[in-house]
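Reproduced below: query_16.cif, with mmCIF, C-alpha atoms and all ligand atoms.
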```cif
data_query
loop_
_atom_site.label_atom_id
_atom_site.label_comp_id
_atom_site.auth_asym_id
_atom_site.auth_seq_id
_atom_site.Cartn_x
_atom_site.Cartn_y
_atom_site.Cartn_z
CA MET A 5 14.71 35.16 -3.28
CA SER A 6 12.55 38.24 -2.83
CA LEU A 7 9.24 37.38 -1.19
CA ASN A 8 7.89 40.89 -1.64
CA LYS A 9 5.47 40.24 -4.51
CA VAL A 10 2.89 42.33 -6.34
CA SER A 11 -0.48 41.10 -5.08
CA VAL A 12 -4.08 41.37 -6.26
CA ASP A 13 -4.41 44.40 -3.98
CA ASP A 14 -1.72 46.25 -5.97
CA ILE A 15 -3.19 45.90 -9.47
CA ASN A 16 -5.98 47.58 -11.40
CA VAL A 17 -7.88 45.00 -13.41
CA LYS A 18 -10.84 47.17 -14.51
CA GLY A 19 -11.76 46.16 -18.06
CA LYS A 20 -8.68 43.96 -18.35
CA ARG A 21 -8.44 40.27 -19.15
CA VAL A 22 -7.05 38.58 -16.04
CA LEU A 23 -5.84 35.01 -16.22
CA CYS A 24 -5.99 33.53 -12.71
CA ARG A 25 -4.19 30.23 -12.02
CA CYS A 26 -6.05 28.46 -9.23
CA ASP A 27 -5.67 25.08 -7.55
CA PHE A 28 -8.88 23.31 -8.55
CA ASN A 29 -7.26 19.89 -8.28
CA VAL A 30 -10.23 18.46 -6.34
CA PRO A 31 -11.09 14.79 -5.79
CA LEU A 32 -13.86 13.59 -8.14
CA LYS A 33 -16.03 10.50 -7.91
CA ASP A 34 -18.40 9.71 -10.78
CA GLY A 35 -18.16 13.31 -11.94
CA LYS A 36 -19.03 14.67 -8.48
CA ILE A 37 -16.65 16.76 -6.35
CA THR A 38 -16.11 14.94 -3.04
CA ASP A 39 -14.13 17.67 -1.26
CA GLU A 40 -14.59 21.27 -2.32
CA ASN A 41 -12.21 22.93 0.17
CA ARG A 42 -9.91 24.07 -2.61
CA LEU A 43 -12.78 25.74 -4.49
CA VAL A 44 -13.94 27.55 -1.37
CA ALA A 45 -10.38 28.63 -0.62
CA ALA A 46 -10.05 30.20 -4.09
CA LEU A 47 -13.17 32.38 -3.79
CA PRO A 48 -11.68 35.49 -2.09
CA THR A 49 -9.25 36.17 -4.95
CA ILE A 50 -11.87 35.46 -7.62
CA LYS A 51 -14.43 37.70 -5.91
CA LYS A 52 -11.90 40.51 -5.65
CA LEU A 53 -11.12 40.32 -9.39
CA ILE A 54 -14.85 40.30 -10.22
CA ALA A 55 -15.57 43.23 -7.89
CA ASP A 56 -12.79 45.25 -9.50
CA GLY A 57 -14.35 44.76 -12.94
CA GLY A 58 -11.86 42.34 -14.47
CA LYS A 59 -12.66 39.80 -17.15
CA VAL A 60 -11.77 36.81 -15.05
CA ILE A 61 -10.34 33.78 -16.86
CA LEU A 62 -9.69 30.91 -14.46
CA CYS A 63 -7.38 27.98 -15.12
CA SER A 64 -6.09 24.95 -13.23
CA HIS A 65 -4.88 21.41 -13.64
CA LEU A 66 -6.86 18.43 -12.41
CA GLY A 67 -5.23 15.05 -11.84
CA LYS A 68 -2.78 13.64 -14.34
CA PRO A 69 -4.24 13.43 -17.87
CA LYS A 70 -0.64 13.26 -19.16
CA GLY A 71 -0.95 15.71 -22.02
CA GLU A 72 -4.17 14.58 -23.65
CA PRO A 73 -7.89 15.20 -23.18
CA LYS A 74 -9.43 12.75 -20.70
CA PRO A 75 -13.15 13.43 -20.24
CA GLU A 76 -13.12 12.07 -16.67
CA LEU A 77 -10.57 14.76 -15.76
CA SER A 78 -12.45 17.66 -17.37
CA LEU A 79 -12.90 20.76 -15.22
CA ALA A 80 -16.55 21.05 -16.30
CA PRO A 81 -17.90 19.93 -12.87
CA VAL A 82 -15.75 22.60 -11.23
CA ALA A 83 -17.28 25.33 -13.39
CA ALA A 84 -20.75 24.14 -12.38
CA ARG A 85 -19.94 24.13 -8.67
CA LEU A 86 -18.10 27.48 -8.83
CA THR A 87 -21.21 28.97 -10.46
CA GLU A 88 -23.19 27.97 -7.36
CA LEU A 89 -20.52 29.08 -4.89
CA LEU A 90 -20.06 32.49 -6.52
CA GLY A 91 -23.74 33.03 -7.27
CA GLN A 92 -22.87 34.04 -10.82
CA GLU A 93 -22.23 32.12 -13.99
CA VAL A 94 -18.79 30.60 -14.49
CA LYS A 95 -18.85 29.75 -18.16
CA PHE A 96 -16.88 26.62 -19.03
CA ALA A 97 -14.69 27.12 -22.11
CA ALA A 98 -14.67 23.48 -23.26
CA ASP A 99 -11.70 23.11 -25.56
CA PRO A 100 -9.46 20.07 -26.11
CA GLU A 101 -6.55 22.43 -26.80
CA VAL A 102 -7.33 24.40 -23.61
CA VAL A 103 -6.54 27.65 -25.47
CA GLY A 104 -8.08 26.71 -28.84
CA PRO A 105 -10.75 28.39 -30.99
CA ASN A 106 -13.54 27.82 -28.44
CA ALA A 107 -11.65 29.28 -25.51
CA LYS A 108 -10.45 32.25 -27.57
CA ALA A 109 -13.98 33.01 -28.76
CA ALA A 110 -15.30 32.76 -25.19
CA VAL A 111 -12.69 35.24 -23.94
CA GLU A 112 -13.38 37.57 -26.87
CA ALA A 113 -17.05 37.72 -25.88
CA MET A 114 -16.46 38.52 -22.21
CA GLN A 115 -17.88 41.56 -20.44
CA ASP A 116 -16.27 43.19 -17.39
CA GLY A 117 -16.93 41.18 -14.20
CA GLU A 118 -17.67 37.97 -16.07
CA VAL A 119 -15.92 34.68 -15.30
CA ILE A 120 -14.90 31.76 -17.48
CA LEU A 121 -12.98 28.59 -16.66
CA LEU A 122 -10.56 27.03 -19.13
CA GLU A 123 -10.19 23.27 -19.57
CA ASN A 124 -7.64 21.24 -17.54
CA THR A 125 -4.22 22.74 -18.33
CA ARG A 126 -2.65 19.27 -18.27
CA TYR A 127 -4.62 18.33 -21.38
CA ARG A 128 -1.71 20.08 -23.07
CA VAL A 129 1.50 18.07 -23.28
CA GLU A 130 3.64 21.20 -22.87
CA GLU A 131 2.14 22.13 -19.48
CA THR A 132 4.36 20.06 -17.17
CA LYS A 133 7.42 20.69 -19.33
CA ASN A 134 6.98 24.47 -19.24
CA GLY A 135 6.90 24.36 -23.06
CA GLU A 136 6.83 27.69 -24.84
CA ALA A 137 3.87 27.12 -27.18
CA PHE A 138 1.33 26.65 -24.39
CA SER A 139 2.82 29.43 -22.25
CA LYS A 140 2.41 31.76 -25.25
CA ASP A 141 -1.17 30.60 -25.78
CA LEU A 142 -2.01 31.35 -22.16
CA ALA A 143 -0.27 34.73 -22.21
CA SER A 144 -2.12 35.69 -25.41
CA LEU A 145 -5.43 35.37 -23.56
CA CYS A 146 -4.68 37.93 -20.88
CA ASP A 147 -3.40 41.40 -19.97
CA ILE A 148 -2.55 40.49 -16.39
CA PHE A 149 -1.73 37.15 -14.74
CA VAL A 150 -2.57 36.20 -11.16
CA ASN A 151 -1.18 33.08 -9.53
CA ASP A 152 -3.13 31.72 -6.57
CA ALA A 153 -2.05 28.05 -6.81
CA PHE A 154 0.44 27.40 -4.02
CA GLY A 155 0.14 23.61 -4.37
CA THR A 156 2.05 23.74 -7.68
CA ALA A 157 4.47 26.54 -6.71
CA HIS A 158 7.34 24.04 -6.44
CA ARG A 159 6.90 23.11 -10.12
CA ALA A 160 7.86 25.17 -13.16
CA HIS A 161 4.90 24.66 -15.46
CA CYS A 162 3.40 26.78 -18.27
CA SER A 163 0.38 27.84 -16.24
CA ASN A 164 2.41 29.27 -13.37
CA VAL A 165 6.00 29.97 -14.49
CA GLY A 166 5.98 30.05 -18.32
CA VAL A 167 3.04 32.43 -18.57
CA SER A 168 4.42 34.68 -15.80
CA GLU A 169 7.52 35.32 -17.85
CA LEU A 170 5.49 36.46 -20.88
CA VAL A 171 3.19 39.00 -19.22
CA ASP A 172 3.94 42.48 -17.86
CA THR A 173 2.45 41.75 -14.46
CA ALA A 174 2.28 38.41 -12.67
CA ALA A 175 0.64 39.06 -9.31
CA VAL A 176 -0.02 36.66 -6.45
CA GLY A 177 -3.53 35.95 -5.15
CA TYR A 178 -4.61 35.98 -1.50
CA LEU A 179 -3.99 32.27 -0.91
CA MET A 180 -0.50 32.45 -2.32
CA GLN A 181 0.20 35.63 -0.37
CA LYS A 182 -0.77 33.92 2.89
CA GLU A 183 1.56 31.00 2.22
CA ILE A 184 4.39 33.42 1.42
CA ASP A 185 3.69 35.47 4.56
CA PHE A 186 3.64 32.49 6.89
CA LEU A 187 5.84 29.78 5.43
CA GLY A 188 8.22 32.08 3.63
CA ASN A 189 8.64 35.11 5.84
CA ALA A 190 8.08 33.39 9.18
CA VAL A 191 10.81 30.89 8.46
CA GLU A 192 13.24 33.33 6.87
CA ASN A 193 12.68 36.08 9.39
CA PRO A 194 10.94 34.59 12.44
CA VAL A 195 9.92 36.31 15.65
CA ARG A 196 12.10 34.47 18.19
CA PRO A 197 12.28 32.11 19.93
CA PHE A 198 11.50 30.02 16.86
CA VAL A 199 10.70 26.35 17.54
CA ALA A 200 10.47 23.90 14.64
CA ILE A 201 8.86 20.50 15.16
CA LEU A 202 9.43 17.67 12.72
CA GLY A 203 7.87 14.22 12.72
CA GLY A 204 6.48 11.71 10.28
CA ALA A 205 7.80 8.44 9.07
CA LYS A 206 11.11 8.88 7.31
CA VAL A 207 14.29 10.88 7.89
CA ALA A 208 15.18 10.49 4.21
CA ASP A 209 12.13 12.56 3.15
CA LYS A 210 13.25 15.52 5.24
CA LEU A 211 17.05 15.69 5.08
CA ASN A 212 17.10 19.21 3.69
CA VAL A 213 14.26 20.37 5.93
CA ILE A 214 16.15 19.25 9.05
CA SER A 215 19.35 20.90 7.92
CA ASN A 216 17.73 24.19 6.90
CA LEU A 217 15.48 24.49 9.94
CA LEU A 218 18.42 23.80 12.24
CA GLU A 219 20.05 26.92 10.83
CA LYS A 220 16.91 29.06 11.07
CA CYS A 221 15.34 27.96 14.37
CA ASP A 222 16.36 28.25 18.02
CA THR A 223 15.04 24.81 18.98
CA LEU A 224 14.50 21.84 16.67
CA ILE A 225 12.20 19.11 17.97
CA ILE A 226 12.24 15.71 16.30
CA GLY A 227 9.54 13.13 17.00
CA GLY A 228 7.64 10.48 15.02
CA GLY A 229 9.21 7.54 13.24
CA MET A 230 12.19 9.59 12.09
CA ALA A 231 13.36 10.19 15.67
CA TYR A 232 14.50 6.56 16.04
CA THR A 233 17.28 6.91 13.48
CA PHE A 234 18.57 9.84 15.57
CA LEU A 235 18.22 7.82 18.80
CA LYS A 236 20.09 4.89 17.23
CA ALA A 237 22.80 7.27 15.99
CA GLN A 238 23.26 8.28 19.63
CA GLY A 239 23.82 4.64 20.55
CA ASN A 240 20.39 3.81 21.96
CA GLU A 241 18.63 0.46 21.52
CA ILE A 242 15.54 1.19 19.41
CA GLY A 243 14.09 -2.34 19.15
CA ASN A 244 11.95 -2.80 16.05
CA SER A 245 11.25 0.91 15.62
CA LEU A 246 11.34 2.50 12.19
CA VAL A 247 14.95 3.15 11.21
CA ASP A 248 17.00 4.13 8.18
CA ASP A 249 20.46 2.68 8.75
CA THR A 250 21.83 4.54 5.71
CA LYS A 251 21.13 7.85 7.48
CA LEU A 252 22.87 7.22 10.81
CA ASP A 253 25.88 9.31 9.79
CA TYR A 254 23.60 12.07 8.60
CA CYS A 255 21.84 12.12 11.98
CA LYS A 256 25.20 12.28 13.78
CA GLU A 257 26.16 15.20 11.56
CA MET A 258 22.94 17.02 12.43
CA ILE A 259 23.48 16.42 16.15
CA GLU A 260 26.97 17.91 15.79
CA LYS A 261 25.66 20.77 13.68
CA ALA A 262 23.14 21.66 16.39
CA GLU A 263 25.93 21.70 19.01
CA LYS A 264 28.15 23.84 16.83
CA LEU A 265 25.39 26.35 16.13
CA GLY A 266 24.33 26.42 19.77
CA LYS A 267 20.83 25.21 18.86
CA LYS A 268 18.69 23.00 21.04
CA LEU A 269 17.88 19.67 19.38
CA LEU A 270 15.20 17.82 21.34
CA LEU A 271 14.69 14.08 20.79
CA PRO A 272 12.19 11.80 22.54
CA ILE A 273 13.23 10.81 26.06
CA ASP A 274 10.54 8.13 26.20
CA SER A 275 8.28 6.25 23.78
CA ALA A 276 4.96 4.46 23.70
CA THR A 277 5.89 1.03 22.38
CA ILE A 278 4.01 -1.98 21.00
CA THR A 279 5.00 -5.51 19.97
CA ALA A 280 3.26 -5.72 16.59
CA PHE A 281 2.16 -2.96 14.21
CA PRO A 282 -1.66 -2.71 14.24
CA ASN A 283 -3.53 -4.10 11.24
CA PRO A 284 -5.84 -2.40 10.41
CA ILE A 285 -3.99 0.68 11.58
CA ASP A 286 -6.66 1.63 14.14
CA ALA A 287 -6.92 -1.86 15.70
CA PRO A 288 -6.52 -2.01 19.52
CA VAL A 289 -2.90 -2.07 20.75
CA GLU A 290 -1.29 -2.74 24.13
CA VAL A 291 1.14 0.04 24.89
CA GLU A 292 4.10 0.07 27.29
CA VAL A 293 6.15 3.21 27.84
CA TYR A 294 9.95 2.98 28.00
CA ASP A 295 12.66 5.59 28.39
CA SER A 296 14.78 6.11 25.29
CA ASN A 297 17.85 4.64 27.02
CA ASN A 298 15.94 1.56 28.15
CA MET A 299 14.01 0.26 25.14
CA PRO A 300 13.63 -3.56 24.96
CA ALA A 301 14.87 -5.13 21.72
CA ASP A 302 11.49 -6.72 20.91
CA ARG A 303 9.38 -3.54 21.00
CA GLU A 304 8.57 -0.84 18.49
CA GLY A 305 8.28 2.86 19.34
CA CYS A 306 5.11 4.18 17.75
CA ASP A 307 4.51 7.44 19.63
CA ILE A 308 6.42 9.82 21.87
CA GLY A 309 5.92 9.02 25.55
CA PRO A 310 4.29 11.27 28.19
CA LYS A 311 7.58 12.76 29.48
CA THR A 312 8.57 13.68 25.93
CA ALA A 313 5.13 15.14 25.25
CA GLU A 314 5.55 17.38 28.29
CA MET A 315 9.06 18.42 27.28
CA PHE A 316 7.94 19.25 23.73
CA ALA A 317 4.89 21.16 25.04
CA ASP A 318 7.16 23.19 27.37
CA ALA A 319 9.39 24.12 24.43
CA VAL A 320 6.31 25.24 22.48
CA LYS A 321 5.19 27.41 25.43
CA SER A 322 8.44 29.35 25.30
CA ALA A 323 8.19 30.03 21.55
CA LYS A 324 6.99 33.07 19.60
CA THR A 325 6.96 31.20 16.28
CA VAL A 326 6.27 27.49 15.83
CA VAL A 327 6.44 25.52 12.59
CA TRP A 328 5.24 21.92 12.64
CA ASN A 329 5.53 19.24 9.98
CA GLY A 330 4.84 15.56 10.55
CA PRO A 331 2.95 13.65 13.27
CA MET A 332 4.66 12.53 16.52
CA GLY A 333 3.44 8.94 16.18
CA VAL A 334 1.02 6.63 14.43
CA PHE A 335 -1.79 9.15 14.98
CA GLU A 336 -4.23 7.13 12.86
CA ASN A 337 -4.52 4.81 15.88
CA PRO A 338 -6.30 6.50 18.84
CA THR A 339 -3.96 4.87 21.40
CA LEU A 340 -0.87 6.05 19.49
CA ALA A 341 -2.21 9.56 18.81
CA GLU A 342 -1.59 10.94 22.29
CA GLY A 343 1.79 12.49 21.53
CA THR A 344 0.49 14.16 18.38
CA ILE A 345 -2.55 15.42 20.32
CA ALA A 346 -0.34 16.79 23.12
CA VAL A 347 1.75 18.75 20.62
CA ALA A 348 -1.35 19.95 18.73
CA LYS A 349 -2.83 21.11 22.07
CA ALA A 350 0.34 22.97 22.98
CA LEU A 351 0.19 24.77 19.63
CA ALA A 352 -3.52 25.47 20.04
CA GLU A 353 -2.96 27.03 23.48
CA THR A 354 -0.03 29.30 22.69
CA ASP A 355 -0.26 32.91 21.51
CA ALA A 356 2.74 32.29 19.25
CA THR A 357 2.39 32.25 15.49
CA THR A 358 1.68 28.61 14.65
CA ILE A 359 2.24 27.24 11.18
CA ILE A 360 1.40 23.74 9.99
CA GLY A 361 3.14 22.59 6.83
CA GLY A 362 2.41 19.43 4.91
CA GLY A 363 -0.42 17.15 3.97
CA ASP A 364 -0.33 14.59 6.79
CA SER A 365 0.31 17.13 9.51
CA ALA A 366 -2.55 19.30 8.28
CA ALA A 367 -4.79 16.22 8.18
CA ALA A 368 -3.75 15.27 11.74
CA VAL A 369 -4.43 18.77 13.11
CA ASN A 370 -7.82 18.98 11.39
CA GLN A 371 -8.78 15.42 12.30
CA LEU A 372 -7.97 16.10 15.95
CA GLY A 373 -10.14 19.24 15.88
CA PHE A 374 -7.43 21.89 16.32
CA GLY A 375 -7.56 23.32 12.80
CA ASP A 376 -9.13 26.68 13.66
CA LYS A 377 -6.63 27.27 16.50
CA MET A 378 -3.60 27.52 14.20
CA SER A 379 -2.36 30.75 12.62
CA HIS A 380 -1.82 29.04 9.29
CA ILE A 381 -2.29 25.57 7.83
CA SER A 382 -0.48 25.27 4.54
CA THR A 383 -2.43 23.98 1.56
CA GLY A 384 0.59 22.57 -0.25
CA GLY A 385 2.32 19.32 0.75
CA GLY A 386 5.37 19.27 -1.53
CA ALA A 387 5.45 23.04 -1.95
CA SER A 388 5.40 23.71 1.79
CA LEU A 389 8.21 21.21 2.42
CA GLU A 390 10.34 22.93 -0.22
CA PHE A 391 9.70 26.28 1.47
CA LEU A 392 10.90 24.72 4.75
CA GLU A 393 13.97 23.45 2.91
CA GLY A 394 14.77 27.06 2.12
CA LYS A 395 14.48 26.38 -1.61
CA GLU A 396 13.40 28.95 -4.13
CA LEU A 397 9.94 27.95 -5.38
CA PRO A 398 9.71 28.55 -9.14
CA GLY A 399 6.05 29.54 -8.93
CA VAL A 400 6.82 32.18 -6.30
CA ALA A 401 10.05 33.39 -7.91
CA ALA A 402 8.24 33.96 -11.23
CA ALA A 403 5.77 36.44 -9.70
CA THR A 404 6.54 40.12 -10.20
CA ASN A 405 8.54 41.74 -7.39
CA LYS A 406 7.22 44.92 -5.78
P1 LIG A 501 3.30 15.25 4.54
O1 LIG A 501 4.61 15.70 4.02
O2 LIG A 501 2.34 14.69 3.55
O3 LIG A 501 2.68 16.24 5.47
P2 LIG A 501 4.17 14.18 6.89
O4 LIG A 501 5.51 14.74 6.73
O5 LIG A 501 3.20 14.91 7.75
O6 LIG A 501 3.55 14.02 5.47
P3 LIG A 501 4.85 11.45 6.69
O7 LIG A 501 6.32 11.52 6.58
O8 LIG A 501 4.03 11.11 5.51
O9 LIG A 501 4.25 12.76 7.43
O10 LIG A 501 4.56 10.42 7.84
C1 LIG A 501 3.27 10.28 8.36
C2 LIG A 501 3.11 8.84 8.77
O11 LIG A 501 4.13 8.50 9.69
C3 LIG A 501 1.81 8.58 9.46
O12 LIG A 501 1.06 7.71 8.65
C4 LIG A 501 2.21 7.94 10.78
O13 LIG A 501 1.43 6.83 11.10
C5 LIG A 501 3.63 7.50 10.52
N1 LIG A 501 4.43 7.45 11.77
C6 LIG A 501 4.64 8.42 12.65
N2 LIG A 501 5.37 8.00 13.67
C7 LIG A 501 5.65 6.70 13.45
C8 LIG A 501 6.37 5.71 14.16
N3 LIG A 501 6.97 5.97 15.31
N4 LIG A 501 6.47 4.48 13.60
C9 LIG A 501 5.85 4.21 12.45
N5 LIG A 501 5.16 5.12 11.72
C10 LIG A 501 5.05 6.33 12.22
#
```
Hey, can you dump this file as structure tokens for me?
Ligand code: ATP
Amino acid sequence: MSLNKVSVDDINVKGKRVLCRCDFNVPLKDGKITDENRLVAALPTIKKLIADGGKVILCSHLGKPKGEPKPELSLAPVAARLTELLGQEVKFAADPEVVGPNAKAAVEAMQDGEVILLENTRYRVEETKNGEAFSKDLASLCDIFVNDAFGTAHRAHCSNVGVSELVDTAAVGYLMQKEIDFLGNAVENPVRPFVAILGGAKVADKLNVISNLLEKCDTLIIGGGMAYTFLKAQGNEIGNSLVDDTKLDYCKEMIEKAEKLGKKLLLPIDSATITAFPNPIDAPVEVEVYDSNNMPADREGCDIGPKTAEMFADAVKSAKTVVWNGPMGVFENPTLAEGTIAVAKALAETDATTIIGGGDSAAAVNQLGFGDKMSHISTGGGASLEFLEGKELPGVAAATNK
């Protein structure tokens, strides 16, 4: 897949109708936006299109209205907030058909540099099926398409893929470009040594990620709940730790694959263990540390131990590129967050390019206060995992190549 895409810096939108697919899928409570990060993140691309004199038509999905108008999932509150954030009117093109008579009339009346927002694209039943009728409607509204919604790049929908195929130019916005630069190019063509760190709960969620990263990286580090299936596959006692017995053979295969490829595969050499999982999750716990080859049968590994944390941090120090997905332990509990903090610190302190992929990992890094120390924190959970799997993302593939 070519990752060399036409971007908003390569196009001339003066006097043109530009349809810009954003990710305005923000949490709403009683009609109020409770987290506006995604709106703020979309501003650079929108401002650029305004400054260049485009007629800027914004669109996005919000929640899951399942193909019909649902007033509680209207994008109207987003238009109001964007108006404040941009300091210029973002006219809301209320229209149950999204691209119906109202929206068309609103676009018709636009002057250069003006902005409108269409209604929730998922009001249309075709949207998530990439149905032709809605893609055509969207394409008919614009001269140029810009896609800045990375969060949906792993889906082929009308408002990212269908419309791209019907316009002359489908460019990527700044947010999308950054994701491609870091998650795409850094993984496909990394500055070496390249260290990949995987954690989180389940091996089964990341089978393809493990396999692909093993091929691309120099060192693969596995921590978190998923490490125990690997440790069991090696013949270790893992007590009551999280395990997926159906994936033992898979883990053995990956261990062999690493050997064959001459890659380092680092697994925890010790664990912070407890006797009962905390409820609530941040309730006090009594921790005892055991080496991986000496775990008692009645304990549960819930974080990497201090020796492992040091070993992982040393591996990070030697890297020029680091990709991290998934916490090293039950980081929601302060006592079981130490391993995740140690790894986050190692990433924060290195001059290497550091990339965080995935929802929970991004949350952990931000929650622990290391967010601004990373080179890139991906905004897409599912989409970033698929990038790490080496898959072609439909929303990226559909953009025009340079
Ligand atoms: P996302 O793909 O959304 O970024 P993630 O890959 O970062 O998610 P998940 O696979 O969702 O991470 O796993 C995160 C969860 O795993 C956390 O809630 C954490 O408490 C839990 N977890 C981590 N280590 C362990 C462990 N040793 N035992 C039990 N649970 C664990």
Output as JSON the centre and edge lengths (Å, one decimal) of the box along x, y and z of the file that holds every listed atom of region 22-27 of chain A after adding 3 Å on each side.
```
{"center_x": -5.6, "center_y": 31.8, "center_z": -11.9, "size_x": 8.9, "size_y": 19.5, "size_z": 14.7}
```
Using all atoms listed in the file, find each protein or nucleic acid residue lying at most 8 Å from ligand LIG 501 (chain A); present the set as a PyMOL selection string. chain A and resi 202-206+209-210+227-232+245-246+304-308+329-337+361-367+385-386+389
What gap, in Å, lies between CA of Val247 (chain A) and CA of Leu235 (chain A)?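 We find that CA of Val247 (chain A) and CA of Leu235 (chain A) lie 9.5 Å from each other.
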If we count all atoms listed in the file, what is near region 23-26 of chain A at a cut-off of 10 Å, once residues fewer than 4 positions away on the same chain are taken out, given as a tab-separated table (two decimals) with C-alpha atoms, in the coordinates of the input?
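Written file, out-v1.tsv:
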```
chain	number	residue	atom	x	y	z
A	42	ARG	CA	-9.91	24.07	-2.61
A	43	LEU	CA	-12.78	25.74	-4.49
A	45	ALA	CA	-10.38	28.63	-0.62
A	46	ALA	CA	-10.05	30.20	-4.09
A	47	LEU	CA	-13.17	32.38	-3.79
A	49	THR	CA	-9.25	36.17	-4.95
A	50	ILE	CA	-11.87	35.46	-7.62
A	53	LEU	CA	-11.12	40.32	-9.39
A	58	GLY	CA	-11.86	42.34	-14.47
A	59	LYS	CA	-12.66	39.80	-17.15
A	60	VAL	CA	-11.77	36.81	-15.05
A	61	ILE	CA	-10.34	33.78	-16.86
A	62	LEU	CA	-9.69	30.91	-14.46
A	63	CYS	CA	-7.38	27.98	-15.12
A	64	SER	CA	-6.09	24.95	-13.23
A	65	HIS	CA	-4.88	21.41	-13.64
A	120	ILE	CA	-14.90	31.76	-17.48
A	121	LEU	CA	-12.98	28.59	-16.66
A	122	LEU	CA	-10.56	27.03	-19.13
A	125	THR	CA	-4.22	22.74	-18.33
A	142	LEU	CA	-2.01	31.35	-22.16
A	143	ALA	CA	-0.27	34.73	-22.21
A	144	SER	CA	-2.12	35.69	-25.41
A	145	LEU	CA	-5.43	35.37	-23.56
A	146	CYS	CA	-4.68	37.93	-20.88
A	147	ASP	CA	-3.40	41.40	-19.97
A	148	ILE	CA	-2.55	40.49	-16.39
A	149	PHE	CA	-1.73	37.15	-14.74
A	150	VAL	CA	-2.57	36.20	-11.16
A	151	ASN	CA	-1.18	33.08	-9.53
A	152	ASP	CA	-3.13	31.72	-6.57
A	153	ALA	CA	-2.05	28.05	-6.81
A	154	PHE	CA	0.44	27.40	-4.02
A	155	GLY	CA	0.14	23.61	-4.37
A	156	THR	CA	2.05	23.74	-7.68
A	163	SER	CA	0.38	27.84	-16.24
A	164	ASN	CA	2.41	29.27	-13.37
A	167	VAL	CA	3.04	32.43	-18.57
A	174	ALA	CA	2.28	38.41	-12.67
A	175	ALA	CA	0.64	39.06	-9.31
A	176	VAL	CA	-0.02	36.66	-6.45
A	177	GLY	CA	-3.53	35.95	-5.15
A	179	LEU	CA	-3.99	32.27	-0.91
A	180	MET	CA	-0.50	32.45	-2.32
```
Ala317 (chain A): which residues within 6 Å, counting all atoms listed in the file, same-chain residues fewer than 2 positions away excluded, as an MDAnalysis selection string? chainID A and resid 314:315 319:320 347 350
Would you mind listing what lies within 12 Å of Asn189 (chain A) as a ChimeraX atom specification, with all atoms listed in the file counted and same-chain residues fewer than 2 positions away left out? /A:5-9,181-187,191-195,220,325,327,357,359,391-392,394
Excluding region 70-79 of chain A and residues on its chain fewer than 2 positions from it, collect all residues at most 7 Å away from it, counting only C-alpha atoms, and give them as a list in words.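 Result of the neighbour search: Leu66, Gly67, Lys68, Pro81, Val82, Ala83, Pro100, Glu123, Asn124, Arg126, Tyr127, Arg128 and Val129 of chain A.
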